[in-house]
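Report on the following structure.
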Amino acid sequence: MSNNHSTKFVPLIIAISLIVGLIFGSFFANHFTGNRLSIINTSSNKLNDLLHIIDDQYVDKINISNLVEKAMPQILSELDPHSSYVSAKDVENEMQDLKGSFSGIGVVFTIYNDTARIVRVIKGGPSEEVGLQAGDKIVSVDGKNFVGEKLTNEYAMKHLKGPKSSKVVVGIKRIGEPKMLSYTITRGDVPVKSITATYMLDNTTGYIQISSFGDTTYPELLVALAKLNHEGFEKLIIDLRGNRGGFMAPAIRMANEFLPKDRLIVYTQGRKSPRQEYSSDGRGSYQNIPLIVLVDETSASASEIFSAAIQDNDRGTIVGRRTFGKGLVQEPIQFPDGSLLRLTIARYYSASGRCLQKPYVQGEGNDYQMDLVKRAQNGEYISQDSIHFKGKKYKTRLGRIVYSEGGVMPDYFVPEDTTGVTSYYIQAMNQGLLAKYSFIYVDSNRETLHKHENWEETVKYLKKSDLPYKFAAYAAKNGLKQRNNLLRKSYDLIQSTLITLILEDYYDPETRIMYNNLTDPNIKQANKLFAEEKSFPHAPENPTPAKAKKHE
């Protein structure tokens with residue numbers, strides 16, 4: 001019976017594959033005349049006949065469009081881990097971080113007890129203009145109830161976002177106001193910043209944290225550098241930890257700001273993509289400033305392009321942990337229905353000639369995605385000796401050894417700080433209880449928090465509030481048993497995590513980063529290197545001159 005059950009789906013699976021083949025063939029035939037796939041052209045009549053046969057004679061009624069939507073990601077997963085398909089309904093959400101803005105009302109919200117609650121009003125956005133406030137509850141949209149089990153993040157985004165200049169009426173419940181308030185908001189461009197923090201760590205050290213590489217990243221960088229320049233910075237830390245990448249062009253332009261003239265930044269090459277080189281033009285305004293770049297295992301793609309360009313040209317020092325290892329270039333291709341194909345068309349290579357793409361097996365995406373977990377299991381995040389490169393050796397401009405196939409290995413390794421990590425803490429994080437409690441705390445204590453002049457005063461107050469035990473009582477009511485021994489071991493970590501989350505909810509992400517950096521071992525290592533004048537790499541003994549290698 002089991003075999004019969006499996007066999008009856010074979011014709012359907014074959015049909016899906018053939019349908020997808022037809023869709024792809026028709027698309028490329030229509031858009032790339034002169035570069036058609038002969039195998040599709042010679043088979044197109046047969047595939048068209050097959051489609052009619054399925055539609056006319058298959059035992060059940062088949063929605064071909066739905067089948068194609070489900071089959072597309074599966075087909076692409078057989079190519080490589082980064083070729084992907086985005087349905088038309090998801091394109092805007094997928095692209096908003098890269099475009100640098102979206103059209104909406106301009107609030108950060110969370111859904112708590114089946115109600116959308118505003119965590120933060122985005123500065124310069126439409127909601128700030130009409131007077132919405134953090135802590136407001138959105139209870140209706142355009143006269144319809146906006147609460148209950150139907151309220152999901154997707155549902156909320158669908159109703160709050162909309163075309164620019166369109167209007168939406170929101171009903172607001174506000175603490176201290178007996179009646180519901182009504183606001184008519186004209187949707188507008190809401191900025192999505194890729195630079196999360198820009199400030200002076202001390203009198204001479206500037207700090208910039210970049211969360212992604214999108215259309216606005218390079219202009220944002222110039223503004224950030226101008227701000228730091230006005231404040232007198234003499235050395236710079238660029239933080240790319242957690243930056244999963246984005247567009248390649250902003251990373252190239254960013255590297256150009258720091259490199260002397262005629263230094264190779266990156267080059268790309270693929271089966272149908274001739275080698276294309278990108279080099280510095282010598283117009284960068286910060287070619288001589290001491291520079292340190294922070295990376296970790298989630299720094300990927302464009303982050304690695306920038307980091308490798310700095311490392312291979314011996315322009316600055318890389319600090320942290322080995323990066324993700326993505327060296328494949330995707331080209332976005334739009335379908336007529338608005339859906340998007342991201343097809344890998346080339347690999348990129350750093351100035352030394354290395355490709356940073358970590359090994360993968362076609363069709364085995366699950367193993368690829370588990371790589372970061374395997375690194376953790378192997379102890380790589382806490383011990384540099386646990387890192388084993390399988391790639392080839394290359395040399396930087398000064399002759400320092402670097403490796404391919406596995407990301408950028410930092411010049412100075414900083415282990416992950418696991419102090420205070422217990423099973424209790426891990427459960428609290430994984431279940432989202434720490435984040436939920438932080439939101440509740442802010443929402444219930446806004447008047448008290450308003451009394452503090454700045455975030456430093458807020459931190460002092462929070463450290464006296466015994467937050468970990470208050471959290472433990474909340475967590476116990478929500479399914480996480482209080483374990484006092486583990487709680488004591490994790491006390492400082494839980495307190496720090498809660499303060500971090502509270503600061504972000506009440507102030508903004510930059511404030512959270514400023515607080516975290518006070519005790520960050522990566523920042524301490526960077527400051528030590530600056531003090532020892534080691535931000536500029538030195539040539540090893542008896543260096544061998546390095547040239548970029550050409551890959552065919």
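Each chain of the structure tokens is named A, B, ... in the order shown, its residues numbered from 1; ligands are numbered from 1 in display order.
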Mind the document's chain letters and residue numbers, and return as an mmCIF file with C-alpha atoms, in the first residue's frame the residues of segment 381-433 of chain A that DSSP labels strand (DSSP E).
```cif
data_model
loop_
_atom_site.group_PDB
_atom_site.id
_atom_site.type_symbol
_atom_site.label_atom_id
_atom_site.label_comp_id
_atom_site.auth_asym_id
_atom_site.auth_seq_id
_atom_site.Cartn_x
_atom_site.Cartn_y
_atom_site.Cartn_z
ATOM 1 C CA LYS A 393 46.847 29.114 0.560
ATOM 2 C CA TYR A 394 47.144 32.554 -0.984
ATOM 3 C CA LYS A 395 49.235 35.592 -0.092
ATOM 4 C CA ILE A 401 49.120 33.754 4.274
ATOM 5 C CA VAL A 402 45.337 33.748 3.711
ATOM 6 C CA TYR A 403 43.002 30.934 2.694
ATOM 7 C CA TYR A 412 43.236 38.455 15.429
ATOM 8 C CA PHE A 413 40.829 35.845 16.753
#
```
(message) I want to know what sits within 6 Å of segment 250-260 of chain A, based on only C-alpha atoms, with residues of the same chain fewer than 3 positions away left out; could you give that as a list of chain:residue names?
(response) A:Tyr218, A:Ser280, A:Gly282, A:Gly284, A:Ser285, A:Tyr286, A:Gln287, A:Ala302, A:Phe306
(message) Let me make sure I understand: among A:Gln384, A:Thr519, A:Ser212, A:Thr115, which one has the smallest atom-to-atom distance to Ile172 of chain A if we use only C-alpha atoms?
(response)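 Of the candidates, the smallest distance to Ile172 of chain A is held by A:Thr115.
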I'd like the neighbourhood of Ser211 of chain A as a compact mmCIF listing (two decimals) with N, CA and C atoms, in the first residue's frame, where a residue qualifies if any of its atoms comes within 9 Å (using only C-alpha atoms), though same-chain residues fewer than 4 positions away should be ignored.
```txt
# COMPACT_ATOMS: atom_id res chain seq x y z
N LYS A 193 17.58 52.16 7.56
CA LYS A 193 19.00 52.48 7.61
C LYS A 193 19.84 51.22 7.64
N SER A 194 20.91 51.22 6.87
CA SER A 194 21.83 50.08 6.91
C SER A 194 22.99 50.34 7.87
N ILE A 195 23.19 51.60 8.23
CA ILE A 195 24.17 51.93 9.27
C ILE A 195 23.42 52.15 10.58
N THR A 196 23.67 51.26 11.52
CA THR A 196 22.88 51.23 12.76
C THR A 196 23.45 52.14 13.84
N ASP A 239 32.26 47.85 12.11
CA ASP A 239 31.70 46.62 12.68
C ASP A 239 30.75 45.97 11.66
N LEU A 240 31.14 44.81 11.15
CA LEU A 240 30.32 44.07 10.19
C LEU A 240 29.77 42.77 10.78
N ARG A 241 29.84 42.64 12.10
CA ARG A 241 29.30 41.44 12.73
C ARG A 241 27.79 41.39 12.53
N GLY A 242 27.30 40.21 12.13
CA GLY A 242 25.87 40.06 11.88
C GLY A 242 25.41 40.59 10.54
N ASN A 243 26.31 41.15 9.75
CA ASN A 243 25.95 41.72 8.45
C ASN A 243 26.00 40.61 7.41
N ARG A 244 24.85 40.18 6.95
CA ARG A 244 24.77 39.05 6.02
C ARG A 244 25.00 39.46 4.57
N GLY A 245 25.25 40.74 4.33
CA GLY A 245 25.60 41.18 2.99
C GLY A 245 24.50 41.94 2.31
```
(message) Quick check, in Å to one decimal: how far apart do atom CA of Phe471 of chain A and atom CA of Pro521 of chain A lie?
(response)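 According to the coordinates, atom CA of Phe471 of chain A and atom CA of Pro521 of chain A are separated by 26.4 Å.
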(message) Which residue is closest to Tyr381 of chain A? Choose from A:Thr418, A:Thr217, A:Gln311, A:Thr205 and count only C-alpha atoms.
(response)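 Going through A:Thr418, A:Thr217, A:Gln311, A:Thr205 one by one, the smallest distance to Tyr381 of chain A is for A:Thr418.
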(message) Here is a test: counting only C-alpha atoms, which residue of A:Glu541, A:Glu277, A:Asp411, A:Glu177 is nearest to Ala526 of chain A?
(response)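 Among the listed residues, A:Asp411 lies closest to Ala526 of chain A.
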(message) So, with only C-alpha atoms as the atoms that count, which of A:Gly420, A:Pro410, A:Pro81, A:Gly206 lies closest to Leu486 of chain A?
(response) A:Gly420
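Distances from A:Thr511, A:Thr110, A:Asn45, A:Ser350 to Glu154 of chain A were compared using only C-alpha atoms, and the smallest one belongs to A:Thr110.
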Using only C-alpha atoms, what table do you get, as a Markdown table, when you list each residue of segment 208-311 of chain A with an atom no more than 8 Å from segment 316-331 of chain A, its nearest pair of atoms, and their distance in Å rounded to one decimal, rows by chain then rising number?
```
| residue | atom | partner | partner_atom | distance |
| --- | --- | --- | --- | --- |
| A:Thr268 | CA | A:Val329 | CA | 7.8 |
| A:Pro290 | CA | A:Gly316 | CA | 6.9 |
| A:Leu291 | CA | A:Gly316 | CA | 5.0 |
| A:Ile292 | CA | A:Thr317 | CA | 4.9 |
| A:Val293 | CA | A:Ile318 | CA | 4.9 |
| A:Leu294 | CA | A:Val319 | CA | 4.9 |
| A:Val295 | CA | A:Gly320 | CA | 5.2 |
| A:Asp296 | CA | A:Arg321 | CA | 4.5 |
| A:Glu297 | CA | A:Thr323 | CA | 4.3 |
| A:Thr298 | CA | A:Phe324 | CA | 5.4 |
| A:Ser299 | CA | A:Thr323 | CA | 5.2 |
| A:Ala300 | CA | A:Phe324 | CA | 5.1 |
| A:Ser301 | CA | A:Lys326 | CA | 5.2 |
| A:Glu304 | CA | A:Thr323 | CA | 7.1 |
| A:Ser307 | CA | A:Ile318 | CA | 7.1 |
| A:Ile310 | CA | A:Gly316 | CA | 5.6 |
| A:Gln311 | CA | A:Gly316 | CA | 6.3 |
```
Just to be explicit: take each residue in the selection above, keep C-alpha atoms, and write the result as a short mmCIF file (atom, residue, chain, number, x, y, z; two decimals), in the first residue's frame.
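Dumped to again.cif:
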```
data_model
loop_
_atom_site.label_atom_id
_atom_site.label_comp_id
_atom_site.auth_asym_id
_atom_site.auth_seq_id
_atom_site.Cartn_x
_atom_site.Cartn_y
_atom_site.Cartn_z
CA THR A 268 33.96 38.20 -10.63
CA PRO A 290 44.16 53.39 11.01
CA LEU A 291 41.37 50.90 10.36
CA ILE A 292 40.07 47.77 12.11
CA VAL A 293 37.17 45.68 10.80
CA LEU A 294 35.12 43.47 13.15
CA VAL A 295 33.60 40.27 11.73
CA ASP A 296 31.99 37.04 12.93
CA GLU A 297 30.47 33.86 11.55
CA THR A 298 27.37 35.71 10.31
CA SER A 299 29.33 38.28 8.30
CA ALA A 300 28.68 37.19 4.72
CA SER A 301 28.73 38.11 1.06
CA GLU A 304 33.35 39.46 3.09
CA SER A 307 36.86 42.54 4.64
CA ILE A 310 41.10 45.33 3.32
CA GLN A 311 42.95 42.16 4.35
#
```
(request) Rank nothing, just name the residue among A:Ala376, A:Val168, A:Val139, A:Leu343 nearest to Gly104 of chain A, using only C-alpha atoms. (result)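 When distances to Gly104 of chain A are compared using only C-alpha atoms, the smallest one comes from A:Val168.
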(request) Per DSSP on the backbone, filter segment 149-350 of chain A down to the residues in helix (DSSP H, G or I) and report them as a ChimeraX atom specification. (result) /A:153-160,217-230,248-256,302-312
(request) Just the residues within 9 Å of Tyr515 of chain A, please, counting only C-alpha atoms, with nothing from its chain fewer than 6 positions along; format it as JSON, numbers by chain. (result) {"A": [455, 456, 459, 499, 500, 503]}
Write out, as a PDB file, in the first residue's frame, the residues just selected, with N, CA and C atoms.
```pdb
ATOM      1  N   TRP A 455      20.730  57.601  28.597  1.00  0.00           N
ATOM      2  CA  TRP A 455      20.731  56.137  28.713  1.00  0.00           C
ATOM      3  C   TRP A 455      21.681  55.643  29.790  1.00  0.00           C
ATOM      4  N   GLU A 456      22.749  56.386  30.043  1.00  0.00           N
ATOM      5  CA  GLU A 456      23.668  55.976  31.109  1.00  0.00           C
ATOM      6  C   GLU A 456      22.964  55.974  32.467  1.00  0.00           C
ATOM      7  N   VAL A 459      20.704  52.973  32.676  1.00  0.00           N
ATOM      8  CA  VAL A 459      21.438  51.745  32.977  1.00  0.00           C
ATOM      9  C   VAL A 459      21.718  51.636  34.467  1.00  0.00           C
ATOM     10  N   ILE A 499      18.940  44.490  29.982  1.00  0.00           N
ATOM     11  CA  ILE A 499      19.241  45.917  29.817  1.00  0.00           C
ATOM     12  C   ILE A 499      19.410  46.256  28.348  1.00  0.00           C
ATOM     13  N   THR A 500      20.094  45.370  27.621  1.00  0.00           N
ATOM     14  CA  THR A 500      20.276  45.575  26.182  1.00  0.00           C
ATOM     15  C   THR A 500      18.932  45.685  25.476  1.00  0.00           C
ATOM     16  N   LEU A 503      16.970  48.895  26.486  1.00  0.00           N
ATOM     17  CA  LEU A 503      17.527  50.095  25.863  1.00  0.00           C
ATOM     18  C   LEU A 503      17.105  50.213  24.405  1.00  0.00           C
TER      19      LEU A 503
END
```
(message) Need the shell around Glu149 of chain A: protein/DNA/RNA residues with any atom at most 12 Å away, counting only C-alpha atoms. Skip same-chain ones fewer than 4 positions apart. Format as an MDAnalysis selection string?
(response) chainID A and resid 111:116 145 153 155:156
(message) With only C-alpha atoms as the counted atoms, please give the residues lying no more than 8 Å from segment 222-232 of chain A, apart from itself and same-chain residues fewer than 3 positions off, as a VMD selection string.
(response) chain A and resid 198 to 200 203 to 204 206 208 218 to 219
Residues of the last selection are to be written out with N, CA, C and O atoms, as a PDB file, in the first residue's frame.
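Output file selection-v6.pdb follows:
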```
ATOM      1  N   THR A 198      26.710  55.168  14.706  1.00  0.00           N
ATOM      2  CA  THR A 198      27.880  55.995  14.386  1.00  0.00           C
ATOM      3  C   THR A 198      28.153  56.875  15.595  1.00  0.00           C
ATOM      4  O   THR A 198      27.327  57.717  15.955  1.00  0.00           O
ATOM      5  N   TYR A 199      29.298  56.675  16.242  1.00  0.00           N
ATOM      6  CA  TYR A 199      29.617  57.514  17.399  1.00  0.00           C
ATOM      7  C   TYR A 199      31.099  57.382  17.725  1.00  0.00           C
ATOM      8  O   TYR A 199      31.808  56.542  17.164  1.00  0.00           O
ATOM      9  N   MET A 200      31.547  58.220  18.659  1.00  0.00           N
ATOM     10  CA  MET A 200      32.940  58.193  19.097  1.00  0.00           C
ATOM     11  C   MET A 200      33.074  57.301  20.319  1.00  0.00           C
ATOM     12  O   MET A 200      32.420  57.515  21.339  1.00  0.00           O
ATOM     13  N   ASN A 203      37.956  59.859  22.628  1.00  0.00           N
ATOM     14  CA  ASN A 203      38.255  61.146  21.997  1.00  0.00           C
ATOM     15  C   ASN A 203      38.799  61.037  20.576  1.00  0.00           C
ATOM     16  O   ASN A 203      38.713  61.989  19.795  1.00  0.00           O
ATOM     17  N   THR A 204      39.375  59.867  20.231  1.00  0.00           N
ATOM     18  CA  THR A 204      40.011  59.758  18.919  1.00  0.00           C
ATOM     19  C   THR A 204      39.522  58.581  18.077  1.00  0.00           C
ATOM     20  O   THR A 204      39.896  58.471  16.915  1.00  0.00           O
ATOM     21  N   GLY A 206      36.651  56.501  16.191  1.00  0.00           N
ATOM     22  CA  GLY A 206      35.304  56.458  15.645  1.00  0.00           C
ATOM     23  C   GLY A 206      34.824  55.028  15.476  1.00  0.00           C
ATOM     24  O   GLY A 206      35.615  54.102  15.294  1.00  0.00           O
ATOM     25  N   ILE A 208      31.642  52.687  13.511  1.00  0.00           N
ATOM     26  CA  ILE A 208      30.497  52.600  12.600  1.00  0.00           C
ATOM     27  C   ILE A 208      30.042  51.149  12.531  1.00  0.00           C
ATOM     28  O   ILE A 208      30.837  50.258  12.242  1.00  0.00           O
ATOM     29  N   TYR A 218      26.343  53.295   0.932  1.00  0.00           N
ATOM     30  CA  TYR A 218      27.498  54.153   0.666  1.00  0.00           C
ATOM     31  C   TYR A 218      27.208  55.614   1.019  1.00  0.00           C
ATOM     32  O   TYR A 218      28.029  56.260   1.704  1.00  0.00           O
ATOM     33  N   PRO A 219      26.073  56.203   0.591  1.00  0.00           N
ATOM     34  CA  PRO A 219      25.771  57.565   1.046  1.00  0.00           C
ATOM     35  C   PRO A 219      25.699  57.681   2.568  1.00  0.00           C
ATOM     36  O   PRO A 219      26.163  58.681   3.142  1.00  0.00           O
TER      37      PRO A 219
END
```
(request) Within 12 Å of Lys123 of chain A, counting only C-alpha atoms, which residues show up once you throw out same-chain ones fewer than 3 positions away? Write them as a list in words, please. (result)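 Final neighbour list, sorted by chain and number: Ile105, Gly106, Val107, Val108, Arg120, Pro126, Ser127, Glu128, Glu129, Val130, Gly131, Leu132, Gln133, Ala134, Asp189, Val190, Pro191, Val192, Lys193, Tyr507 and Asp508 of chain A.
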